[in-house]
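Visitor: So here's input_8.txt (compact mmCIF, C-alpha atoms and all ligand atoms).
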```txt
# COMPACT_ATOMS: atom_id res chain seq x y z
CA MET A 1 111.72 112.43 82.94
CA SER A 2 111.98 116.09 82.04
CA ARG A 3 110.10 118.77 83.92
CA TYR A 4 108.87 122.11 82.63
CA ARG A 5 107.28 125.05 84.35
CA LEU A 6 103.60 125.24 83.39
CA GLN A 7 102.03 128.65 82.76
CA PRO A 8 98.25 128.16 82.90
CA THR A 9 95.73 131.01 82.66
CA PRO A 10 93.63 131.56 85.83
CA ALA A 11 90.71 129.65 84.27
CA GLN A 12 93.02 126.78 83.30
CA GLU A 13 94.56 126.79 86.79
CA ALA A 14 91.10 126.29 88.27
CA ALA A 15 90.41 123.41 85.89
CA LEU A 16 93.79 121.79 86.64
CA ALA A 17 93.13 122.11 90.37
CA GLY A 18 89.83 120.28 89.76
CA HIS A 19 91.65 117.44 87.97
CA CYS A 20 94.06 117.16 90.90
CA ARG A 21 91.20 117.07 93.39
CA HIS A 22 89.41 114.35 91.45
CA ALA A 23 92.56 112.25 91.03
CA ARG A 24 93.24 112.51 94.76
CA TYR A 25 89.64 111.61 95.65
CA VAL A 26 89.65 108.54 93.41
CA TRP A 27 93.07 107.43 94.66
CA ASN A 28 91.93 107.71 98.27
CA LEU A 29 88.78 105.77 97.42
CA ALA A 30 91.01 102.95 96.18
CA VAL A 31 93.19 103.15 99.32
CA GLU A 32 90.08 102.88 101.46
CA GLN A 33 88.86 99.85 99.50
CA HIS A 34 92.21 98.17 100.02
CA SER A 35 92.48 99.06 103.68
CA PHE A 36 89.92 96.35 104.44
CA TRP A 37 92.15 93.81 102.80
CA TRP A 38 95.49 92.31 103.75
CA PRO A 39 97.65 89.43 102.43
CA GLY A 40 96.06 86.06 103.11
CA ARG A 41 92.52 87.34 103.09
CA GLY A 42 91.70 86.17 99.56
CA GLY A 43 91.64 88.16 96.37
CA ALA A 44 92.30 91.88 96.60
CA PRO A 45 89.84 94.17 94.85
CA GLY A 46 91.01 94.33 91.24
CA PHE A 47 91.03 97.15 88.76
CA ALA A 48 87.62 96.11 87.35
CA ALA A 49 85.97 96.19 90.78
CA GLN A 50 87.46 99.60 91.39
CA CYS A 51 86.19 100.89 88.03
CA ARG A 52 82.68 99.81 89.03
CA ARG A 53 83.12 101.72 92.26
CA LEU A 54 84.20 104.77 90.24
CA THR A 55 81.09 104.56 88.06
CA GLU A 56 78.93 104.47 91.20
CA ALA A 57 80.80 107.38 92.72
CA ARG A 58 80.40 109.42 89.53
CA ALA A 59 76.67 108.71 89.52
CA ALA A 60 76.40 109.82 93.14
CA CYS A 61 78.59 112.94 93.04
CA PRO A 62 77.87 115.51 90.33
CA TRP A 63 81.15 117.32 91.00
CA LEU A 64 83.05 114.14 90.26
CA ALA A 65 80.97 113.43 87.16
CA ASP A 66 81.78 116.91 85.85
CA GLY A 67 85.47 116.03 85.84
CA SER A 68 87.45 114.11 83.28
CA VAL A 69 86.86 110.37 83.30
CA ILE A 70 90.29 109.96 81.70
CA VAL A 71 91.96 111.62 84.68
CA GLN A 72 89.94 109.64 87.20
CA GLN A 73 90.46 106.26 85.53
CA GLN A 74 94.17 106.93 85.23
CA ALA A 75 94.34 107.57 88.98
CA LEU A 76 92.89 104.08 89.48
CA LYS A 77 95.37 102.54 87.05
CA ASP A 78 98.23 104.31 88.83
CA PHE A 79 96.97 102.92 92.11
CA ALA A 80 96.82 99.39 90.66
CA GLN A 81 100.42 99.82 89.49
CA ALA A 82 101.43 101.11 92.92
CA MET A 83 99.91 98.00 94.53
CA ALA A 84 101.73 95.76 92.03
CA ASN A 85 105.00 97.53 92.93
CA PHE A 86 104.23 97.03 96.60
CA PHE A 87 103.68 93.29 96.09
CA GLY A 88 106.80 93.24 93.93
CA GLY A 89 108.80 94.33 96.94
CA THR A 90 110.22 97.41 95.24
CA HIS A 91 107.94 100.09 96.66
CA LYS A 92 106.13 101.03 99.83
CA ARG A 93 102.43 100.41 100.19
CA PRO A 94 100.45 103.24 98.57
CA THR A 95 98.95 105.57 101.15
CA TRP A 96 96.45 108.40 101.39
CA ARG A 97 97.06 111.43 99.23
CA LYS A 98 96.85 114.68 101.09
CA ARG A 99 95.61 118.04 99.94
CA ASP A 100 98.37 120.49 99.04
CA ARG A 101 100.92 117.76 99.45
CA ASN A 102 100.35 115.23 96.73
CA GLU A 103 98.71 117.33 94.08
CA GLY A 104 98.94 115.87 90.62
CA PHE A 105 97.44 113.76 87.89
CA ARG A 106 98.74 111.71 85.00
CA ILE A 107 97.75 111.45 81.35
CA VAL A 108 98.86 108.50 79.23
CA ALA A 109 98.55 107.55 75.54
CA VAL A 110 99.91 110.97 74.63
CA LYS A 111 100.33 111.46 70.88
CA ALA A 112 103.05 113.49 69.19
CA GLU A 113 100.53 116.17 68.17
CA ASP A 114 99.53 116.75 71.82
CA VAL A 115 102.77 118.62 72.50
CA ARG A 116 103.95 121.49 70.30
CA ARG A 117 106.39 124.36 70.32
CA LEU A 118 105.04 127.88 69.82
CA SER A 119 108.22 129.92 69.95
CA ARG A 120 111.78 129.73 71.21
CA HIS A 121 110.80 129.60 74.87
CA VAL A 122 107.13 128.60 74.81
CA GLY A 123 105.51 125.23 74.30
CA GLU A 124 101.97 123.89 74.67
CA VAL A 125 100.51 120.63 75.90
CA ARG A 126 96.95 119.40 75.37
CA VAL A 127 95.14 118.49 78.61
CA PRO A 128 91.76 116.70 78.55
CA LYS A 129 88.85 119.06 79.30
CA VAL A 130 91.28 121.97 79.76
CA GLY A 131 92.72 122.44 76.28
CA TRP A 132 96.14 123.78 75.32
CA VAL A 133 98.21 124.86 78.33
CA ARG A 134 101.46 126.75 77.85
CA PHE A 135 104.76 125.81 79.42
CA ARG A 136 108.29 127.22 79.41
CA TRP A 137 110.32 125.41 76.75
CA SER A 138 113.47 125.36 78.88
CA ARG A 139 115.06 122.40 77.08
CA PRO A 140 114.05 120.07 74.22
CA VAL A 141 111.07 117.81 74.92
CA PRO A 142 112.28 114.19 74.47
CA ALA A 143 111.10 112.37 71.35
CA GLY A 144 108.44 109.71 71.79
CA VAL A 145 106.64 111.16 74.81
CA LYS A 146 104.19 108.51 76.04
CA SER A 147 102.74 110.16 79.11
CA TYR A 148 102.97 113.22 81.28
CA ARG A 149 102.21 114.20 84.83
CA ILE A 150 101.04 117.62 85.96
CA THR A 151 101.88 118.58 89.53
CA ARG A 152 101.69 121.49 91.89
CA ASP A 153 104.50 122.02 94.38
CA ALA A 154 104.38 123.43 97.90
CA ALA A 155 105.10 126.91 96.55
CA GLY A 156 102.04 126.68 94.27
CA ARG A 157 104.00 126.32 91.04
CA ARG A 158 102.75 123.94 88.40
CA HIS A 159 105.00 121.69 86.37
CA VAL A 160 104.52 119.22 83.58
CA ALA A 161 106.87 116.24 83.44
CA PHE A 162 107.06 114.25 80.22
CA ALA A 163 107.99 110.59 80.29
CA ALA A 164 109.33 108.83 77.25
CA ILE A 165 110.31 105.18 77.12
CA PRO A 166 114.02 105.25 76.35
CA ARG A 167 115.14 103.76 73.07
CA PRO A 168 116.80 100.32 73.38
CA ILE A 169 120.59 100.41 73.39
CA PRO A 170 122.21 97.87 71.05
CA ALA A 171 124.14 95.06 72.75
CA PRO A 172 127.92 95.41 72.50
CA GLY A 173 128.18 91.81 71.22
CA ASN A 174 131.12 90.91 73.46
CA GLY A 175 129.34 87.98 75.09
CA GLU A 176 129.91 89.41 78.54
CA VAL A 177 127.56 88.75 81.42
CA VAL A 178 127.44 91.08 84.39
CA GLY A 179 125.78 90.34 87.71
CA VAL A 180 124.29 93.23 89.63
CA ASP A 181 123.52 92.96 93.32
CA ARG A 182 121.44 95.57 95.03
CA GLY A 183 123.40 96.56 98.04
CA VAL A 184 122.16 98.09 101.21
CA VAL A 185 125.39 99.84 102.04
CA VAL A 186 126.44 100.49 98.45
CA SER A 187 123.70 101.05 95.90
CA ALA A 188 124.78 98.39 93.44
CA ALA A 189 127.69 96.00 93.22
CA LEU A 190 128.85 94.54 89.91
CA SER A 191 130.46 91.15 89.37
CA THR A 192 133.39 93.08 87.84
CA GLY A 193 134.16 94.34 91.34
CA GLU A 194 132.82 97.83 90.78
CA LEU A 195 130.74 99.37 93.53
CA LEU A 196 128.28 101.97 92.34
CA THR A 197 126.86 104.44 94.81
CA VAL A 198 124.31 107.17 94.68
CA ALA A 199 125.28 110.29 96.56
CA PRO A 200 121.90 111.96 96.50
CA LEU A 201 122.91 114.67 98.95
CA ARG A 202 126.24 116.23 99.82
CA GLN A 203 127.25 116.20 103.46
CA THR A 204 126.34 119.85 103.95
CA GLU A 205 122.96 119.24 102.35
CA GLN A 206 122.35 116.23 104.55
CA LYS A 207 123.05 118.35 107.61
CA ARG A 208 120.73 121.04 106.32
CA LEU A 209 118.02 118.43 105.83
CA VAL A 210 118.26 117.31 109.43
CA ARG A 211 118.25 120.92 110.62
CA LEU A 212 115.18 121.79 108.56
CA GLU A 213 113.31 118.75 109.80
CA ARG A 214 114.03 119.77 113.35
CA ARG A 215 112.98 123.35 112.71
CA LEU A 216 109.75 122.13 111.09
CA ALA A 217 108.95 119.95 114.08
CA ARG A 218 109.40 122.91 116.43
CA ALA A 219 107.63 125.59 114.41
CA LYS A 220 104.13 126.61 115.39
CA PRO A 221 101.39 125.29 113.07
CA GLY A 222 100.28 127.92 110.58
CA SER A 223 103.30 130.15 111.18
CA ALA A 224 105.30 131.76 108.39
CA ARG A 225 108.41 130.14 109.83
CA ARG A 226 106.85 126.72 109.41
CA ALA A 227 105.76 127.39 105.84
CA LYS A 228 109.27 128.55 104.96
CA ALA A 229 110.95 125.51 106.48
CA LYS A 230 108.44 123.26 104.76
CA ALA A 231 109.12 124.77 101.33
CA ALA A 232 112.90 124.57 101.82
CA LEU A 233 112.62 120.95 102.91
CA ALA A 234 110.47 120.10 99.89
CA ARG A 235 113.08 121.63 97.57
CA LEU A 236 115.89 119.64 99.17
CA LYS A 237 113.94 116.40 98.96
CA ALA A 238 113.09 117.08 95.31
CA ARG A 239 116.81 117.55 94.63
CA ARG A 240 117.61 114.25 96.30
CA LYS A 241 114.99 112.48 94.22
CA ASP A 242 116.25 114.06 90.98
CA ARG A 243 119.82 112.97 91.68
CA ARG A 244 118.72 109.43 92.45
CA LYS A 245 116.82 109.26 89.17
CA ASP A 246 119.76 110.71 87.34
CA TRP A 247 121.97 108.00 88.78
CA VAL A 248 119.54 105.31 87.64
CA GLU A 249 119.53 106.70 84.07
CA LYS A 250 123.31 106.89 83.85
CA THR A 251 123.89 103.49 85.44
CA SER A 252 121.34 101.68 83.28
CA THR A 253 122.73 103.23 80.08
CA ASP A 254 126.27 102.32 81.07
CA LEU A 255 125.37 98.69 81.83
CA ALA A 256 123.31 98.28 78.65
CA ARG A 257 126.27 99.56 76.58
CA ARG A 258 128.98 97.50 78.22
CA PHE A 259 127.41 94.07 78.67
CA ASP A 260 125.41 91.67 76.54
CA VAL A 261 123.57 90.10 79.44
CA ILE A 262 122.69 91.82 82.69
CA ALA A 263 121.70 89.57 85.58
CA VAL A 264 119.75 90.83 88.56
CA GLU A 265 118.19 89.16 91.54
CA ASP A 266 114.57 88.17 91.15
CA LEU A 267 113.13 89.74 94.25
CA LYS A 268 110.44 87.29 95.14
CA ILE A 269 107.47 89.15 96.42
CA ALA A 270 106.23 86.53 98.79
CA ALA A 271 109.65 85.81 100.20
CA MET A 272 110.47 89.41 100.92
CA THR A 273 107.60 91.68 101.71
CA ARG A 274 105.12 89.15 102.94
CA SER A 275 107.37 87.15 105.22
CA ALA A 276 108.74 90.36 106.65
CA ARG A 277 105.25 91.38 107.58
CA GLY A 278 103.81 88.08 108.68
CA THR A 279 100.42 88.27 110.34
CA ALA A 280 99.26 90.03 113.47
CA GLU A 281 99.16 86.77 115.44
CA LYS A 282 102.32 85.34 113.94
CA PRO A 283 104.81 88.05 113.05
CA GLY A 284 107.28 87.08 110.34
CA ARG A 285 110.70 85.78 111.23
CA GLY A 286 113.53 88.29 111.08
CA VAL A 287 111.07 91.11 110.73
CA ARG A 288 113.56 93.74 111.86
CA GLN A 289 116.34 92.85 109.42
CA LYS A 290 113.97 92.48 106.53
CA ALA A 291 112.26 95.76 107.23
CA GLY A 292 115.71 97.32 107.09
CA LEU A 293 116.50 95.51 103.87
CA ASN A 294 113.27 96.65 102.24
CA ARG A 295 114.05 100.21 103.21
CA GLY A 296 117.46 99.88 101.59
CA ILE A 297 115.91 98.70 98.35
CA LEU A 298 113.52 101.62 98.33
CA ALA A 299 116.19 104.14 99.15
CA ASN A 300 118.45 102.95 96.39
CA GLY A 301 115.82 103.08 93.67
CA TRP A 302 116.37 99.43 92.85
CA GLY A 303 112.96 98.96 91.28
CA LEU A 304 113.50 101.87 88.94
CA LEU A 305 116.95 100.60 87.96
CA VAL A 306 115.57 97.20 86.94
CA THR A 307 112.71 98.83 84.98
CA ARG A 308 115.14 101.09 83.14
CA LEU A 309 117.49 98.19 82.38
CA GLU A 310 114.60 96.29 80.85
CA ASP A 311 113.66 99.36 78.77
CA LYS A 312 117.18 99.92 77.52
CA ALA A 313 118.30 96.30 77.17
CA PRO A 314 115.09 94.46 76.26
CA GLY A 315 115.54 90.69 76.31
CA ARG A 316 119.03 91.01 77.79
CA VAL A 317 118.05 91.24 81.45
CA ILE A 318 117.89 87.93 83.32
CA ARG A 319 116.26 87.59 86.71
CA VAL A 320 118.05 85.07 88.86
CA ASP A 321 116.83 83.16 91.91
CA PRO A 322 118.43 85.03 94.82
CA ALA A 323 118.74 81.94 97.04
CA PHE A 324 122.20 81.64 98.58
CA THR A 325 123.74 84.41 96.47
CA SER A 326 124.94 86.14 99.59
CA GLN A 327 126.13 82.99 101.40
CA ARG A 328 127.95 81.17 98.63
CA CYS A 329 131.60 81.70 97.80
CA SER A 330 131.80 82.80 94.17
CA ALA A 331 135.28 81.27 93.84
CA CYS A 332 134.65 77.72 95.04
CA GLY A 333 130.87 77.43 95.35
CA PHE A 334 130.92 76.58 99.07
CA VAL A 335 127.85 77.77 100.93
CA ASP A 336 128.37 78.96 104.47
CA ARG A 337 126.02 81.15 106.39
CA ARG A 338 128.88 82.44 108.53
CA ALA A 339 131.01 83.51 105.57
CA ARG A 340 129.32 86.82 105.46
CA GLU A 341 131.27 88.40 108.28
CA SER A 342 129.54 91.74 108.13
CA GLN A 343 127.33 93.73 105.83
CA ALA A 344 130.34 94.47 103.65
CA ARG A 345 132.75 91.57 104.13
CA PHE A 346 132.70 88.02 102.83
CA ARG A 347 135.29 85.40 103.79
CA CYS A 348 135.21 81.83 102.55
CA ARG A 349 136.56 79.27 105.02
CA SER A 350 136.76 76.45 102.50
CA CYS A 351 138.71 77.81 99.53
CA ALA A 352 141.95 76.08 98.61
CA HIS A 353 143.77 79.41 98.48
CA ALA A 354 143.34 80.06 102.19
CA GLY A 355 140.06 81.81 102.13
CA HIS A 356 138.60 83.86 99.38
CA ALA A 357 137.73 87.20 100.88
CA GLY A 358 136.22 90.30 99.43
CA HIS A 359 133.31 92.64 99.34
CA ALA A 360 130.14 90.72 100.21
CA ASP A 361 128.00 92.49 97.60
CA VAL A 362 130.54 91.88 94.84
CA ASN A 363 130.66 88.20 95.83
CA ALA A 364 126.86 88.10 95.54
CA ALA A 365 126.97 89.89 92.18
CA ARG A 366 129.41 87.22 90.91
CA ASN A 367 127.04 84.48 91.99
CA ILE A 368 124.23 86.24 90.16
CA ALA A 369 126.38 86.41 87.01
CA HIS A 370 127.21 82.68 87.33
CA ALA A 371 123.55 81.79 87.67
CA ALA A 372 122.68 83.88 84.62
CA GLY A 373 125.46 82.18 82.67
CA HIS A 374 123.80 78.83 83.43
CA ALA A 375 120.42 80.17 82.43
CA VAL A 376 121.80 81.36 79.08
CA ALA A 377 123.60 78.07 78.54
CA ALA A 378 120.44 76.10 79.31
CA ARG A 379 118.58 78.17 76.77
CA GLU A 380 121.25 77.70 74.11
CA GLY A 381 122.01 74.01 74.66
CA PRO A 382 124.59 72.07 76.64
CA ARG A 383 127.67 73.83 77.91
CA VAL A 384 130.97 72.35 76.88
CA THR A 385 133.35 73.79 79.41
CA GLY A 386 133.40 74.90 82.98
CA PRO A 387 132.39 73.27 86.22
CA VAL A 388 128.77 72.54 86.90
CA HIS A 389 127.60 74.39 89.97
CA ARG A 390 124.37 73.20 91.41
CA GLU A 391 122.34 74.44 94.29
CA PRO A 392 123.62 72.19 97.11
CA HIS A 393 121.20 69.79 98.67
CA PRO A 394 119.70 71.38 101.81
CA ALA A 395 121.08 68.52 103.91
CA LEU A 396 124.62 69.44 102.89
CA LEU A 397 124.30 73.03 104.03
CA ILE A 398 126.25 73.97 107.09
CA ALA A 399 123.99 75.65 109.56
ZN ZN B 1 135.58 79.65 98.62
```
What does the file become when written as structure tokens?
Ligand SMILES: [Zn+2]
Guide:
Amino acid sequence: MSRYRLQPTPAQEAALAGHCRHARYVWNLAVEQHSFWWPGRGGAPGFAAQCRRLTEARAACPWLADGSVIVQQQALKDFAQAMANFFGGTHKRPTWRKRDRNEGFRIVAVKAEDVRRLSRHVGEVRVPKVGWVRFRWSRPVPAGVKSYRITRDAAGRRHVAFAAIPRPIPAPGNGEVVGVDRGVVVSAALSTGELLTVAPLRQTEQKRLVRLERRLARAKPGSARRAKAKAALARLKARRKDRRKDWVEKTSTDLARRFDVIAVEDLKIAAMTRSARGTAEKPGRGVRQKAGLNRGILANGWGLLVTRLEDKAPGRVIRVDPAFTSQRCSACGFVDRRARESQARFRCRSCAHAGHAGHADVNAARNIAHAAGHAVAAREGPRVTGPVHREPHPALLIA
């Protein structure tokens, strides 16, 4: 994702503001439609039903009908994707978009001729119903742009961010399988023993964030002090988000280059999000822990990492059943719920060599790699060597 400062004329600015308003309105319409629905209540309103609702809304509101149907339909598609991510357990449930806070719209199916360079520092992008809008060519626009998003920040500046699907990275051909476990404490653990962490904010920045949040809470509504704190906070949060994304790009490229097969946990929707939530009458078991776990996944950009891995290493990413990966010893295969001594520490009480101990997330990553190895072997025919690990029968599990 690369972001450029947009330089619209006043007339274009008005038209872009209209697109943002329409996108927000349509998004909120979809949120409202979904707010009457919850898991277990039958089918959720699909994209088709929402499109019908959009057609009705356009017929009823002339101001909406004047806008771009491309922009409005895309807002619906983005919402559908956001719901899919929510059910996938990788994102929070989509919520209301607020004026001045979530201002933006997305355009997809962008063609190469929709973006051009005018001079050394000036480029242009074609926006439906607005025409060519200039932007500052501050760095090269990536090849193969597929979509872009136009936003307005708290300071009133407009940006365009181009998204290109990264080109696949060729497999190294070394036959190596790596398991990746999403950690809550560390961001990702590899079966090689490496622990990868995102440091989205330095310590001083983290302190500043807390201070700004406190100042914002105390400031009088509508005051200049409040506006200033709000803008500073928005900048800091944007920096944190950028660094997290940067980490995902670097990590996914590194993994795609070094390993032939990359194994990740298959985060089962139902198992995670739904059981954490439960129902109003019957709250899910372990709600507290799971809520914490889900937060960890979100914070570490796990969903984005898996998406990027699949972009860069197509066909080389294997999703593995996560059952027991955190309770089984990767050295001897013994499953013991009590082996995980803490969030970070794993100690096997059955291993011949007096207890295999190590980082719990690395142990899980090794189990994920083992499972992927079996999946590859099953695909390619019988394995000749190595022990056969099977999921132990439930009756054999030590409680
Ligand atoms: Zn063991």
Visitor: Name the residues in contact with stretch 68-79 of chain A at a cut-off of 7 Å, using all atoms listed in the file, excluding same-chain residues fewer than 5 positions from it; report them as a PyMOL selection string.
Guide: chain A and resi 19+22-23+26-27+105-107+128-129
Visitor: For the residues in the current selection, export C-alpha atoms as an mmCIF file, in the coordinates of the input.
Guide:
```
data_model
loop_
_atom_site.group_PDB
_atom_site.id
_atom_site.type_symbol
_atom_site.label_atom_id
_atom_site.label_comp_id
_atom_site.auth_asym_id
_atom_site.auth_seq_id
_atom_site.Cartn_x
_atom_site.Cartn_y
_atom_site.Cartn_z
ATOM 1 C CA HIS A 19 91.650 117.440 87.970
ATOM 2 C CA HIS A 22 89.410 114.350 91.450
ATOM 3 C CA ALA A 23 92.560 112.250 91.030
ATOM 4 C CA VAL A 26 89.650 108.540 93.410
ATOM 5 C CA TRP A 27 93.070 107.430 94.660
ATOM 6 C CA PHE A 105 97.440 113.760 87.890
ATOM 7 C CA ARG A 106 98.740 111.710 85.000
ATOM 8 C CA ILE A 107 97.750 111.450 81.350
ATOM 9 C CA PRO A 128 91.760 116.700 78.550
ATOM 10 C CA LYS A 129 88.850 119.060 79.300
#
```
Visitor: Kindly indicate which residue among A:Phe346, A:Phe135, A:Tyr4, A:Trp302 lies nearest to ligand ZN 1 (chain B), using only C-alpha atoms and all ligand atoms for the distances.
Guide: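 For ligand ZN 1 (chain B), the nearest of the given residues is A:Phe346.
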Visitor: Can you pull out every residue with an atom within 8 Å of ligand ZN 1 (chain B)? Use only C-alpha atoms and all ligand atoms and format it as a PyMOL selection string.
Guide: chain A and resi 328-334+347-352+355-356
Visitor: For A:Lys207, which residue out of A:Ala57, A:Leu236, A:Ala109, A:Ala161 is the nearest one, using only C-alpha atoms?
Guide: A:Leu236
Visitor: Which distance in Å separates atom CA of A:Lys111 and atom CA of A:Arg149, to one decimal?
Guide: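 Going from atom CA of A:Lys111 over to atom CA of A:Arg149, I get 14.3 Å.
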Visitor: Any idea what the distance is between atom CA of A:Ala227 and atom CA of A:Gln206?
Guide: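 Computed distance, atom CA of A:Ala227 to atom CA of A:Gln206, equals 20.0 Å.
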Visitor: To one decimal place in Å, what is the distance between atom CA of A:Val261 and atom CA of A:Glu176?
Guide: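 Calculated distance between atom CA of A:Val261 and atom CA of A:Glu176 is 6.4 Å.
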Visitor: In terms of the shortest atom-to-atom distance over only C-alpha atoms, which of A:Gly131, A:Asn28, A:Val110, A:Arg126 is closest to A:Gln12?
Guide: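 Of A:Gly131, A:Asn28, A:Val110, A:Arg126, the one nearest A:Gln12 is A:Gly131, counting only C-alpha atoms.
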Visitor: For A:Ala188, which residue among A:His374, A:Arg24, A:Arg258, A:His359 is the nearest when counting only C-alpha atoms?
Guide: A:His359
